[in-house]
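Engineer: Before I ask anything, let me first share the structure, which is written out below as structure tokens.
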Amino acid sequence: MSPTAAKQAEQLRLDGNTYFKKGRFAAAIDAYTEAITLCPNVPIYWTNRALGHRKRNNWTRVEEDCRRAIQLDSNSVKAHYMLGLALLQREEYAEGVKELEKALDLGRGANPKGYMVEEIWQELAKAKYMEWEHESTKRSWELQTLKEACETALKEKHLFDSSELEGFLDEIPRSNLEQLEALDRVFRIAAEADMPTDVPDYLCCKITLDIFRDPVIAPSGLTYEREVLLDHLEKVGKFDPITREPLSQSQLVSNLAIKEAVQAFLDEHGWAYKTD
């Protein structure tokens, strides 16, 4: 790649950015395409063009450009993020979530307070909630179908017992009623697994009261949401928001135990991914 070609490609990228900001997405895509033609091994040209395709809802091209960008730079936050969105559009939830999780991990490592970290989390939470809602509806239907089949079987057994034991008719209705009530209790308990409740306090940030995403522990022993605590240290003061003890960013340590506990809870209770 000659210096002249590189310079021309970079100018085309800047032109594309200008078009993009003005909402001229087709012109932006054309500029990025010319930049790619001159310098095909620069990943940002591919992710910029993918963003243009995203604005035009051309998810097939978004996926193609993001996969190429990832080949050039496996740590591209934007490429993994938009690839995840493209896969979700094709209802490939498992792979889409996987790419969003990769983007989130990379984004947190590069810039934990960056706007993209919040945006990625919101999309990931939405995808996880939709996945849970789909599975929950399916489980609910299966439980209801199974319950109705069991009730029918019990009633048929009752009719058979009634014809066989006519001398004990007083006992049969009572026994049948007890069995139906027991059956109802069993299925009600089974259905409770998918019913939203309160998230345990120890899994929630003491400042936001929301479930942890990226928990860090301070020297005081208290755990906070990383982004919220960093914002506090920057805008309010370098002290622990609860104990008021002096605190700096370098003293924060990821709370892996809580992070694993949160993930385990979310795996079991997908409804907790829902964001207001």
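Ordering of the structure tokens sets the chain letters (A, B, ...); residue numbers start at 1 within each chain; ligands are numbered from 1 in the order shown.
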Residues of stretch 24-143 of chain A that approach stretch 190-209 of chain A to 10 Å or less, counting only C-alpha atoms: could you list each one with the shortest pair of atoms and its distance in Å to one decimal, rows by chain and increasing residue number, as a tab-separated table?
Structural biologist:
residue	atom	partner	partner_atom	distance
A:Trp132	CA	A:Asp194	CA	9.0
A:Glu133	CA	A:Asp194	CA	9.2
A:Glu135	CA	A:Asp194	CA	9.6
A:Ser136	CA	A:Asp194	CA	6.4
A:Thr137	CA	A:Asp194	CA	9.3
A:Arg139	CA	A:Ala191	CA	8.5
A:Ser140	CA	A:Ala191	CA	7.0
A:Leu143	CA	A:Ala191	CA	7.6
Engineer: Extract, using only C-alpha atoms, all DNA, RNA and protein residues at most 12 Å from A:Arg56, discarding same-chain residues fewer than 2 positions from it, and format them as a list in words.
Structural biologist: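 What passes the distance filter is Phe20, Gly23, Arg24, Phe25, Ala26, Ala27, Ala28, Ile29, Arg49, Ala50, Leu51, Gly52, His53, Arg54, Asn58, Trp59, Thr60, Arg61 and Val62 of chain A.
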Engineer: Mind checking which residues fall within 9 Å of A:Tyr129, counting only C-alpha atoms, ignoring those fewer than 4 positions away in the same chain, and posting them as a ChimeraX atom specification?
Structural biologist: /A:124-125,133-134,270-275
Engineer: Check the smallest atom-to-atom distance from each of A:Ala182, A:Ala69, A:Leu146, A:Ala5 to A:Thr47 using only C-alpha atoms, then report the winner.
Structural biologist: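 Between A:Ala182, A:Ala69, A:Leu146, A:Ala5, the residue approaching A:Thr47 most closely is A:Ala69.
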Engineer: Give me, as an mmCIF file with all heavy atoms, in the first residue's frame, all polymer residues having an atom no more than 8 Å from A:Lys102, counting only C-alpha atoms and skipping those fewer than 6 positions away in the same chain.
Structural biologist:
data_model
loop_
_atom_site.group_PDB
_atom_site.id
_atom_site.type_symbol
_atom_site.label_atom_id
_atom_site.label_comp_id
_atom_site.auth_asym_id
_atom_site.auth_seq_id
_atom_site.Cartn_x
_atom_site.Cartn_y
_atom_site.Cartn_z
ATOM 1 N N VAL A 77 -14.524 -3.852 18.808
ATOM 2 C CA VAL A 77 -15.772 -3.808 19.575
ATOM 3 C C VAL A 77 -16.965 -3.592 18.640
ATOM 4 O O VAL A 77 -17.983 -4.292 18.723
ATOM 5 C CB VAL A 77 -15.726 -2.682 20.628
ATOM 6 C CG1 VAL A 77 -17.064 -2.584 21.366
ATOM 7 C CG2 VAL A 77 -14.593 -2.922 21.619
ATOM 8 N N HIS A 80 -17.867 -6.773 16.435
ATOM 9 C CA HIS A 80 -18.572 -7.826 17.177
ATOM 10 C C HIS A 80 -19.977 -7.374 17.546
ATOM 11 O O HIS A 80 -20.929 -8.163 17.497
ATOM 12 C CB HIS A 80 -17.789 -8.190 18.437
ATOM 13 C CG HIS A 80 -16.580 -9.039 18.171
ATOM 14 N ND1 HIS A 80 -16.667 -10.366 17.785
ATOM 15 C CD2 HIS A 80 -15.250 -8.741 18.237
ATOM 16 C CE1 HIS A 80 -15.454 -10.857 17.630
ATOM 17 N NE2 HIS A 80 -14.575 -9.900 17.887
ATOM 18 N N TYR A 81 -20.102 -6.100 17.916
ATOM 19 C CA TYR A 81 -21.413 -5.565 18.307
ATOM 20 C C TYR A 81 -22.400 -5.604 17.146
ATOM 21 O O TYR A 81 -23.509 -6.150 17.272
ATOM 22 C CB TYR A 81 -21.234 -4.129 18.813
ATOM 23 C CG TYR A 81 -22.518 -3.391 19.084
ATOM 24 C CD1 TYR A 81 -23.552 -3.983 19.803
ATOM 25 C CD2 TYR A 81 -22.695 -2.085 18.626
ATOM 26 C CE1 TYR A 81 -24.728 -3.295 20.061
ATOM 27 C CE2 TYR A 81 -23.870 -1.390 18.888
ATOM 28 C CZ TYR A 81 -24.883 -2.002 19.601
ATOM 29 O OH TYR A 81 -26.040 -1.327 19.857
#
Engineer: Could you give me, as a PyMOL selection string, the residues within 12 Å of stretch 218-227 of chain A, counting only C-alpha atoms and dropping anything in the same chain fewer than 5 positions from it?
Structural biologist: chain A and resi 108-109+111-115+117-118+201-213+232-234+238-259
